[in-house]
$ cat query-v5.txt   # compact mmCIF, C-alpha atoms
# COMPACT_ATOMS: atom_id res chain seq x y z
CA MET L 1 137.47 85.78 119.07
CA ARG L 2 137.97 89.23 120.62
CA GLN L 3 134.65 90.91 121.35
CA HIS L 4 133.88 94.03 123.39
CA PRO L 5 130.88 94.16 125.77
CA PRO L 6 127.60 95.77 124.62
CA PRO L 7 126.73 99.39 125.56
CA THR L 8 125.13 100.08 128.94
CA ASP L 9 121.47 100.99 129.38
CA ARG L 10 122.53 104.54 130.22
CA THR L 11 124.46 104.85 126.95
CA ILE L 12 121.49 103.52 124.95
CA LYS L 13 119.22 106.15 126.52
CA GLU L 14 121.78 108.85 125.74
CA LEU L 15 122.00 107.74 122.10
CA TYR L 16 118.23 107.89 121.53
CA GLY L 17 117.93 111.17 123.40
CA ASN L 18 120.30 112.72 120.84
CA ALA L 19 118.77 111.47 117.57
CA VAL L 20 115.40 111.63 115.84
CA SER L 21 115.98 109.63 112.64
CA CYS L 22 118.43 107.32 110.87
CA ALA L 23 121.93 108.80 110.54
CA TYR L 24 122.27 107.70 106.89
CA PRO L 25 122.24 110.86 104.73
CA SER L 26 118.86 111.59 103.11
CA CYS L 27 117.17 108.76 105.07
CA GLU L 28 114.21 110.13 107.00
CA ALA L 29 113.26 106.84 108.68
CA PRO L 30 112.20 107.63 112.27
CA LEU L 31 113.77 105.77 115.18
CA TYR L 32 110.27 104.72 116.32
CA VAL L 33 107.08 104.41 114.24
CA PRO L 34 103.89 105.30 116.17
CA SER L 35 100.81 103.09 115.97
CA ALA L 36 97.58 104.31 114.40
CA SER L 37 96.27 105.42 117.81
CA ARG L 38 99.73 106.75 118.79
CA ALA L 39 99.31 104.86 122.06
CA THR L 40 102.28 102.63 121.30
CA ARG L 41 105.34 102.80 119.04
CA THR L 42 107.40 100.24 117.14
CA LEU L 43 111.21 100.16 117.19
CA ASN L 44 112.48 101.07 113.73
CA SER L 45 116.22 101.42 114.40
CA GLU L 46 119.33 99.67 115.71
CA VAL L 47 122.54 100.68 117.51
CA GLY L 48 125.50 100.39 115.15
CA HIS L 49 129.22 100.45 115.93
CA ILE L 50 131.37 102.96 114.07
CA CYS L 51 134.40 100.75 114.87
CA ALA L 52 133.35 97.11 115.03
CA ARG L 53 132.56 95.41 118.32
CA SER L 54 134.24 92.16 117.22
CA LYS L 55 137.67 91.63 115.71
CA GLY L 56 137.37 91.07 111.99
CA GLY L 57 134.25 93.24 111.74
CA PRO L 58 133.94 96.40 109.62
CA ARG L 59 136.23 99.28 110.70
CA TRP L 60 137.78 97.24 113.55
CA ARG L 61 140.69 98.78 115.40
CA PRO L 62 142.07 98.14 118.90
CA MET L 63 140.13 100.05 121.58
CA THR L 64 139.34 99.72 125.27
CA ASP L 65 135.97 98.25 126.23
CA ALA L 66 134.83 101.69 127.45
CA GLU L 67 135.80 103.35 124.15
CA ASN L 68 134.16 100.71 121.98
CA ALA L 69 130.85 100.68 123.90
CA GLY L 70 130.83 104.44 124.52
CA PHE L 71 128.55 107.12 123.08
CA ALA L 72 131.19 108.43 120.65
CA ASN L 73 131.62 105.04 118.91
CA LEU L 74 127.90 104.29 118.47
CA ILE L 75 125.42 105.47 115.85
CA LEU L 76 121.68 104.93 115.30
CA LEU L 77 120.58 103.54 111.91
CA CYS L 78 117.36 102.11 110.50
CA HIS L 79 117.30 98.33 109.98
CA ARG L 80 118.06 98.56 106.26
CA HIS L 81 121.02 100.94 106.52
CA HIS L 82 122.52 99.19 109.56
CA THR L 83 122.67 95.99 107.50
CA GLU L 84 124.18 97.85 104.54
CA VAL L 85 126.80 99.75 106.56
CA ASP L 86 127.91 96.68 108.55
CA SER L 87 128.34 94.44 105.51
CA ILE L 88 132.00 93.42 105.16
CA ASP L 89 131.69 93.81 101.37
CA ASN L 90 130.51 97.41 101.79
CA ALA L 91 133.05 98.38 104.47
CA PRO L 92 135.34 100.30 102.05
CA ASP L 93 132.40 102.57 101.15
CA TYR L 94 131.74 103.46 104.80
CA PRO L 95 135.05 104.25 106.54
CA GLU L 96 135.25 105.43 110.15
CA ALA L 97 135.63 109.11 109.19
CA VAL L 98 132.41 109.06 107.15
CA LEU L 99 130.36 107.52 109.97
CA LEU L 100 131.78 110.02 112.47
CA ASP L 101 130.53 112.84 110.23
CA TRP L 102 127.09 111.18 110.07
CA LYS L 103 127.01 110.89 113.86
CA GLU L 104 127.91 114.55 114.33
CA GLU L 105 125.14 115.64 111.93
CA GLN L 106 122.62 113.25 113.56
CA VAL L 107 123.27 114.79 117.00
CA ARG L 108 123.17 118.32 115.60
CA ARG L 109 119.77 117.76 113.91
CA ALA L 110 118.24 116.26 117.03
CA ASP L 111 119.39 119.07 119.33
CA GLY L 112 118.54 116.90 122.33
CA ARG L 113 114.94 116.30 121.19
CA GLY L 114 115.23 112.55 120.71
CA PRO L 115 112.77 110.05 122.27
CA VAL L 116 113.00 109.22 125.96
CA LEU L 117 113.17 105.43 126.30
CA THR L 118 111.43 103.40 128.97
CA ASP L 119 113.30 100.57 130.68
CA ASP L 120 111.36 98.04 128.58
CA GLU L 121 112.33 99.86 125.38
CA VAL L 122 115.99 99.90 126.46
CA ARG L 123 115.81 96.12 126.94
CA GLU L 124 114.29 95.75 123.46
CA VAL L 125 117.16 97.74 121.93
CA ALA L 126 119.73 95.75 123.94
CA GLU L 127 118.35 92.43 122.62
CA HIS L 128 120.21 93.18 119.39
CA PHE L 129 123.48 92.51 121.23
CA THR L 130 122.36 89.24 122.83
CA ASP L 131 124.20 86.19 121.56
CA ALA L 132 121.57 84.20 119.68
CA SER L 133 121.26 80.44 119.92
CA THR L 134 121.77 78.40 116.77
CA VAL L 135 118.42 77.72 115.13
CA VAL L 136 117.87 75.41 112.17
CA ASN L 137 114.43 75.26 110.58
CA ALA L 138 113.46 73.05 107.63
CA ALA L 139 117.05 72.24 106.77
CA ASN L 140 119.65 69.51 107.30
CA LEU L 141 122.88 70.36 109.10
CA SER L 142 125.39 67.58 108.42
CA LEU L 143 128.26 67.28 110.90
CA GLY L 144 129.62 63.88 109.95
CA GLY L 145 132.73 63.52 107.82
CA ALA L 146 132.40 62.02 104.36
CA GLY L 147 133.22 58.35 104.06
CA GLY L 148 136.38 57.31 102.23
CA ALA L 149 136.07 56.40 98.58
CA ALA L 150 139.27 54.45 98.11
CA PRO L 151 140.66 51.11 99.27
CA GLY L 152 141.28 50.98 103.02
CA ALA L 153 139.56 54.31 103.81
CA SER L 154 137.23 54.52 106.80
CA GLY L 155 134.34 56.91 107.24
CA GLY L 156 135.23 60.36 108.56
CA GLY L 157 134.58 61.23 112.20
CA GLY L 158 131.61 63.35 113.18
CA GLY L 159 131.81 67.07 114.01
CA ALA L 160 130.85 68.88 117.20
CA ILE L 161 129.43 72.34 117.90
CA GLY L 162 130.53 74.07 121.11
CA SER L 163 133.48 73.47 123.37
CA GLY L 164 131.58 70.75 125.24
CA GLY L 165 130.45 68.90 122.14
CA ILE L 166 131.61 65.33 121.54
CA ALA L 167 132.35 64.21 118.00
CA GLY L 168 131.32 60.75 116.88
CA ASP L 169 133.89 58.14 115.90
CA GLY L 170 134.76 57.43 112.30
CA GLY L 171 132.94 54.62 110.58
CA PRO L 172 134.48 51.16 110.06
CA ILE L 173 136.46 50.20 106.98
CA GLY L 174 134.09 48.98 104.35
CA ARG L 175 134.48 46.36 101.67
CA ILE L 176 137.56 46.96 99.53
CA GLN L 177 136.96 47.25 95.78
CA LEU L 178 140.06 47.61 93.67
CA ASP L 179 138.41 48.59 90.43
CA GLY L 180 136.94 51.87 91.71
CA SER L 181 133.39 53.04 91.17
CA ASP L 182 132.09 54.39 87.87
CA ALA L 183 133.42 57.90 87.14
CA ARG L 184 135.49 57.84 90.36
CA ALA L 185 139.09 56.74 90.54
CA PRO L 186 140.47 55.15 93.74
CA GLY L 187 141.86 57.86 96.03
CA ALA L 188 142.43 58.91 99.63
CA GLY L 189 139.94 58.46 102.44
CA GLY L 190 137.70 61.34 103.48
CA GLY L 191 138.66 63.39 106.52
CA GLY L 192 136.35 63.95 109.48
CA ALA L 193 134.69 67.31 110.20
CA GLY L 194 136.57 69.46 112.67
CA SER L 195 135.29 70.59 116.06
CA MET L 196 133.60 74.00 116.11
CA ASP L 197 134.37 75.87 119.28
CA GLU L 198 131.98 78.57 120.52
CA ALA L 199 134.53 81.30 119.89
CA ALA L 200 134.97 80.20 116.28
CA VAL L 201 131.31 80.02 115.33
CA ALA L 202 130.57 82.93 113.00
CA TRP L 203 127.03 81.89 112.12
CA SER L 204 124.14 83.92 113.40
CA ALA L 205 120.64 82.64 114.01
CA GLU L 206 119.42 84.74 111.08
CA GLU L 207 121.94 83.11 108.70
CA LEU L 208 120.96 79.58 109.72
CA GLN L 209 117.19 80.09 109.72
CA ILE L 210 115.57 79.17 106.44
CA GLY L 211 112.97 81.89 106.01
CA SER L 212 110.73 83.77 108.40
CA GLU L 213 107.24 85.22 108.16
CA GLY L 214 106.54 88.92 108.56
CA ARG L 215 103.35 90.59 109.73
CA GLY L 216 101.44 93.40 108.09
CA ALA L 217 97.95 94.63 107.35
CA VAL L 218 95.93 97.21 105.45
CA TYR L 219 93.54 99.51 107.25
CA GLY L 220 91.35 102.28 105.89
CA MET L 221 91.83 104.65 103.01
CA ASP L 222 93.56 108.00 102.85
CA GLY L 223 91.28 110.99 102.41
CA MET L 224 91.28 112.40 98.89
CA ASP L 225 92.24 116.01 98.19
CA GLY L 226 89.40 118.52 98.07
CA GLY L 227 88.34 119.98 94.73
CA ALA L 228 89.19 123.53 93.67
CA THR L 229 86.72 126.36 94.28
CA SER L 230 86.35 128.94 91.49
CA PHE L 231 85.09 132.52 91.71
CA GLY L 232 84.25 133.51 88.17
CA ASP L 233 86.96 133.08 85.55
CA LEU L 234 89.72 134.91 87.40
CA VAL L 235 90.11 133.29 90.83
CA SER L 236 90.51 129.60 91.61
CA VAL L 237 91.36 128.31 95.10
CA PRO L 238 92.79 124.76 95.31
CA GLY L 239 91.16 122.28 97.68
CA GLY L 240 92.76 121.11 100.90
CA ALA L 241 94.97 118.04 101.13
CA GLY L 242 93.29 114.82 102.21
CA GLY L 243 94.10 113.37 105.60
CA LEU L 244 96.40 110.33 105.84
CA SER L 245 95.05 107.18 107.44
CA GLY L 246 97.10 105.34 110.06
CA SER L 247 100.15 106.94 111.62
CA GLY L 248 100.50 109.57 108.87
CA VAL L 249 104.25 108.82 108.74
CA ARG L 250 105.03 107.15 105.42
CA LEU L 251 108.27 105.38 104.49
CA VAL L 252 109.71 104.36 101.12
CA SER L 253 110.84 100.85 100.15
CA ASP L 254 112.09 99.44 96.86
CA ARG L 255 111.13 95.92 97.97
CA LEU L 256 107.36 96.40 98.04
CA ARG L 257 105.76 94.42 95.20
CA ILE L 258 102.31 93.37 93.93
CA SER L 259 102.01 89.78 92.70
CA THR L 260 98.28 89.81 91.87
CA LEU L 261 95.94 92.56 90.64
CA LEU L 262 92.38 91.64 89.59
CA ILE L 263 88.95 93.15 89.15
CA GLY L 264 85.87 91.03 89.76
CA GLU L 265 82.40 90.72 91.27
CA TYR L 266 83.22 89.04 94.59
CA PHE L 267 86.30 89.07 96.84
CA HIS L 268 86.51 87.98 100.46
CA VAL L 269 89.60 87.75 102.66
CA ARG L 270 89.55 85.37 105.65
CA GLU L 271 92.58 84.29 107.70
CA GLY L 272 94.97 85.46 105.00
CA LEU L 273 93.21 83.53 102.20
CA VAL L 274 91.38 85.23 99.31
CA PHE L 275 88.07 83.83 98.06
CA VAL L 276 87.35 85.02 94.50
CA GLY L 277 84.22 84.97 92.37
CA ALA L 278 83.79 86.09 88.74
CA ALA L 279 87.19 87.75 88.53
CA ALA L 280 89.71 88.43 85.74
CA TRP L 281 87.31 90.50 83.67
CA GLN L 282 88.22 91.35 80.09
CA SER L 283 85.48 93.91 79.60
CA LEU L 284 82.53 95.64 81.22
CA THR L 285 79.50 97.37 79.71
CA VAL L 286 78.25 100.92 80.30
CA LEU L 287 74.90 102.20 79.02
CA ASN L 288 75.47 105.94 78.80
CA LEU L 289 78.40 108.33 79.17
CA PRO L 290 79.36 109.87 81.46
CA GLN L 291 78.31 107.39 84.15
CA GLN L 292 79.26 107.04 87.82
CA GLY L 293 80.32 103.62 89.03
CA SER L 294 82.81 101.69 91.10
CA LEU L 295 85.38 99.08 90.25
CA PRO L 296 85.94 96.13 92.68
CA VAL L 297 89.69 95.51 92.92
CA MET L 298 91.76 92.83 94.67
CA LEU L 299 95.51 92.94 94.99
CA ILE L 300 98.13 90.90 96.87
CA LEU L 301 101.05 92.88 98.25
CA GLU L 302 104.42 91.15 98.51
CA ALA L 303 106.36 92.79 101.35
CA GLY L 304 109.08 90.23 102.10
CA GLY L 305 112.16 91.97 103.48
CA VAL L 306 110.39 95.32 103.81
CA ALA L 307 111.35 97.16 107.02
CA SER L 308 108.61 97.82 109.58
CA GLY L 309 106.64 101.05 109.17
CA ASP L 310 103.83 102.51 107.06
CA TYR L 311 103.98 102.63 103.24
CA THR L 312 101.55 104.13 100.71
CA VAL L 313 99.94 102.33 97.77
CA ARG L 314 97.95 104.36 95.23
CA VAL L 315 95.53 102.84 92.70
CA GLU L 316 94.46 104.92 89.68
CA VAL L 317 91.95 104.09 86.94
CA LYS L 318 92.91 105.85 83.69
CA ASP L 319 90.77 106.32 80.57
CA PRO L 320 91.99 105.51 77.01
CA PHE L 321 93.57 108.99 76.78
CA GLY L 322 95.52 108.74 80.07
CA ALA L 323 93.23 110.94 82.18
CA ILE L 324 92.44 109.77 85.71
CA GLY L 325 88.83 108.66 86.08
CA GLY L 326 89.13 107.50 89.70
CA CYS L 327 91.74 106.80 92.35
CA VAL L 328 92.25 105.71 95.97
CA ALA L 329 95.30 105.62 98.26
CA PHE L 330 95.86 103.60 101.43
CA PRO L 331 98.59 102.82 103.95
CA VAL L 332 100.28 99.43 104.24
CA PRO L 333 101.59 99.09 107.81
CA ILE L 334 104.35 96.48 108.29
CA SER L 335 104.45 95.58 111.99
CA GLU L 336 107.15 92.90 111.70
CA THR L 337 109.60 92.37 108.86
CA GLY L 338 110.20 88.88 107.47
CA ASP L 339 111.50 86.97 104.45
CA VAL L 340 107.93 86.22 103.36
CA LEU L 341 105.03 88.62 103.87
CA ARG L 342 101.92 88.45 101.67
CA ILE L 343 99.02 90.86 102.31
CA PRO L 344 95.73 90.50 100.38
CA PHE L 345 93.45 93.56 100.16
CA THR L 346 90.11 94.22 98.46
CA PHE L 347 88.42 97.59 97.88
CA ASN L 348 86.26 99.60 95.46
CA VAL L 349 87.58 102.46 93.32
CA PRO L 350 84.94 105.14 92.54
CA VAL L 351 85.12 105.81 88.78
CA THR L 352 83.44 108.19 86.37
CA TRP L 353 83.25 106.40 83.01
CA THR L 354 83.74 109.05 80.30
CA ALA L 355 84.79 107.08 77.22
CA TYR L 356 84.54 103.68 75.59
CA GLY L 357 87.75 101.79 74.95
CA ARG L 358 90.63 100.31 76.95
CA TRP L 359 90.95 101.61 80.52
CA THR L 360 93.91 100.77 82.77
CA VAL L 361 94.10 100.12 86.50
CA ILE L 362 97.57 101.12 87.79
CA ALA L 363 98.87 100.37 91.31
CA SER L 364 101.99 102.26 92.42
CA SER L 365 104.07 103.17 95.48
CA ALA L 366 106.50 105.99 96.19
CA ILE L 367 109.13 104.37 93.95
CA GLY L 368 106.87 103.93 90.91
CA GLU L 369 104.45 101.52 89.23
CA LEU L 370 103.94 98.10 90.88
CA ALA L 371 101.27 96.50 88.65
CA ARG L 372 98.67 97.29 85.97
CA TYR L 373 95.47 95.69 84.64
CA ASP L 374 93.66 96.55 81.37
CA VAL L 375 89.90 96.28 80.87
CA VAL L 376 87.72 97.28 77.87
CA VAL L 377 84.69 99.48 78.52
CA GLU L 378 81.98 98.69 75.96
CA ARG L 379 78.58 100.15 75.10
CA VAL L 380 75.58 98.05 76.11
CA SER L 381 74.40 96.29 72.95
CA ALA L 382 70.76 96.55 71.94
$ encode --input "query-v5.txt" --output "structure tokens"
Amino acid sequence: MRQHPPPTDRTIKELYGNAVSCAYPSCEAPLYVPSASRATRTLNSEVGHICARSKGGPRWRPMTDAENAGFANLILLCHRHHTEVDSIDNAPDYPEAVLLDWKEEQVRRADGRGPVLTDDEVREVAEHFTDASTVVNAANLSLGGAGGAAPGASGGGGGAIGSGGIAGDGGPIGRIQLDGSDARAPGAGGGGAGSMDEAAVAWSAEELQIGSEGRGAVYGMDGMDGGATSFGDLVSVPGGAGGLSGSGVRLVSDRLRISTLLIGEYFHVREGLVFVGAAAWQSLTVLNLPQQGSLPVMLILEAGGVASGDYTVRVEVKDPFGAIGGCVAFPVPISETGDVLRIPFTFNVPVTWTAYGRWTVIASSAIGELARYDVVVERVSA
């Protein structure tokens, strides 16, 4: 299989020095996401080929090695959009001319203000081009040929992976039965699996792995906006915006979900497990209105497949008329993406109870509502 070499370290540095965010139009994903302390940063992008590196890939056309691995044929995309653009099924939607326009606009926006990469960061970027070893987890990979099902048929020979692999011999001829098995007529013997040479293997380690775990956390709460200041009936000055916890750079994902939302008396998270006491309330009692209080909430965020970076979750408590009686917002930092990522979080929402009736706890992200929980607020009975 024809494959060009990967870009040089110098070209990788040049690419990042001339870009500040993903080249996909309207995508603001930064190339690197800073940590909460801004002492370190996490890679949030990949080097994509405008014309494919390998024959048969999207937008492939004959080129020299220097042209294919050169600055002009490479583009920086976030993880999500690199996967989308390089999908063979999507190739007609992203022709070479379109990606060249994206690249030109990406360089123009950056104006040479892109990040300067260290040698270690260059190596991290270059790992994307390293040929991965075949990995099989929690699955069976069968290389043997199927045995024959008809008179005189022997078992198929085994298969081999790699040019140095040795296939096993076919099995011996078994007992001949002329009447055939139930629901199977006598037929031809099964053929052995073919040899799989290194150049013909199109599987990647990601395709053969059966699931992976991501890593994420929840830290701190965002500051709430300040209240308005009024001077008589004529002048009202709005309060200042609350500060954002964490990196302050927030991304948007349509894969973020909430599988569990509860209120209760006791929640404790230890080593990723949630210990719950007196949860799943149907109602709570309030003596007088209005009354200040707090609502203990536990939710489990499902972030499988969500790209690394910080995301915002907002929790509002609304009264029976739809007015907000209390709310909190917090960042959800994803440090490592994975097929499965489950993040439990417990917190208290300050609430001012102003009415009896059905109140609603609503959790949402930048794309809309993720979960809701209803609870009835009742008067204390005599």
$ closest_residue --input "query-v5.txt" --among "L:Ser253, L:Thr346, L:Ser259, L:Thr285" --to "L:Gly305" --atoms "all atoms listed in the file"
L:Ser253
$ closest_residue --input "query-v5.txt" --among "L:Arg342, L:His4, L:Pro290, L:Thr360" --to "L:Arg379" --atoms "all atoms listed in the file"
L:Pro290
$ atom_distance --input "query-v5.txt" --atom1 "atom CA of L:Met224" --atom2 "atom CA of L:Phe330"
10.2 Å
$ atom_distance --input "query-v5.txt" --atom1 "atom CA of L:Ala66" --atom2 "atom CA of L:Leu117"
22.0 Å
$ residues_around --input "query-v5.txt" --residues "L:Leu262" --least-positions-apart "5" --cutoff "10 Å" --atoms "all atoms listed in the file" --output "list in words"
Phe267, Val276, Ala279, Ala280, Trp281, Pro296, Val297, Met298, Leu299, Ile300, Thr346, Val361, Arg372, Tyr373 and Asp374 of chain L
$ closest_residue --input "query-v5.txt" --among "L:Leu295, L:Leu301, L:Ile88, L:Ala36" --to "L:Asn348" --atoms "only C-alpha atoms"
L:Leu295
$ residues_around --input "query-v5.txt" --residues "L:Thr354" --least-positions-apart "3" --cutoff "8 Å" --atoms "all atoms listed in the file" --output "list of chain:residue names"
L:Leu289, L:Pro290, L:Gln291, L:Asp319, L:Gly325
$ decode --input "query-v5.txt" --residues "stretch 257-309 of chain L" --atoms "C-alpha atoms" --output "short mmCIF file (atom, residue, chain, number, x, y, z; two decimals), in the first residue's frame"
data_model
loop_
_atom_site.label_atom_id
_atom_site.label_comp_id
_atom_site.auth_asym_id
_atom_site.auth_seq_id
_atom_site.Cartn_x
_atom_site.Cartn_y
_atom_site.Cartn_z
CA ARG L 257 -25.19 13.41 28.91
CA ILE L 258 -26.55 12.96 32.46
CA SER L 259 -27.70 9.44 33.36
CA THR L 260 -28.66 10.11 37.00
CA LEU L 261 -30.05 13.20 38.76
CA LEU L 262 -31.19 12.89 42.40
CA ILE L 263 -31.80 14.98 45.48
CA GLY L 264 -31.24 13.46 48.92
CA GLU L 265 -29.84 13.83 52.42
CA TYR L 266 -26.45 12.13 52.02
CA PHE L 267 -24.10 11.69 49.06
CA HIS L 268 -20.44 10.69 49.15
CA VAL L 269 -18.13 9.98 46.23
CA ARG L 270 -15.08 7.74 46.79
CA GLU L 271 -12.91 6.20 44.07
CA GLY L 272 -15.55 6.85 41.43
CA LEU L 273 -18.36 5.17 43.42
CA VAL L 274 -21.35 7.08 44.83
CA PHE L 275 -22.68 6.25 48.29
CA VAL L 276 -26.30 7.43 48.69
CA GLY L 277 -28.53 7.88 51.71
CA ALA L 278 -32.20 8.94 51.82
CA ALA L 279 -32.33 9.96 48.17
CA ALA L 280 -35.05 10.09 45.48
CA TRP L 281 -37.25 12.49 47.41
CA GLN L 282 -40.82 13.05 46.25
CA SER L 283 -41.47 16.04 48.47
CA LEU L 284 -40.01 18.32 51.12
CA THR L 285 -41.67 20.52 53.73
CA VAL L 286 -41.21 24.25 54.34
CA LEU L 287 -42.64 26.06 57.37
CA ASN L 288 -42.94 29.64 56.13
CA LEU L 289 -42.53 31.47 52.83
CA PRO L 290 -40.25 32.89 51.67
CA GLN L 291 -37.53 30.73 53.24
CA GLN L 292 -33.82 30.32 52.48
CA GLY L 293 -32.49 26.82 52.09
CA SER L 294 -30.28 24.54 50.05
CA LEU L 295 -30.97 21.48 47.96
CA PRO L 296 -28.45 18.56 48.02
CA VAL L 297 -28.06 17.28 44.45
CA MET L 298 -26.17 14.33 42.95
CA LEU L 299 -25.72 13.78 39.25
CA ILE L 300 -23.70 11.37 37.10
CA LEU L 301 -22.27 12.83 33.91
CA GLU L 302 -21.85 10.54 30.92
CA ALA L 303 -18.98 11.90 28.80
CA GLY L 304 -18.07 8.92 26.60
CA GLY L 305 -16.62 10.12 23.31
CA VAL L 306 -16.44 13.74 24.45
CA ALA L 307 -13.25 15.48 23.28
CA SER L 308 -10.81 16.71 25.93
CA GLY L 309 -11.37 20.21 27.27
#
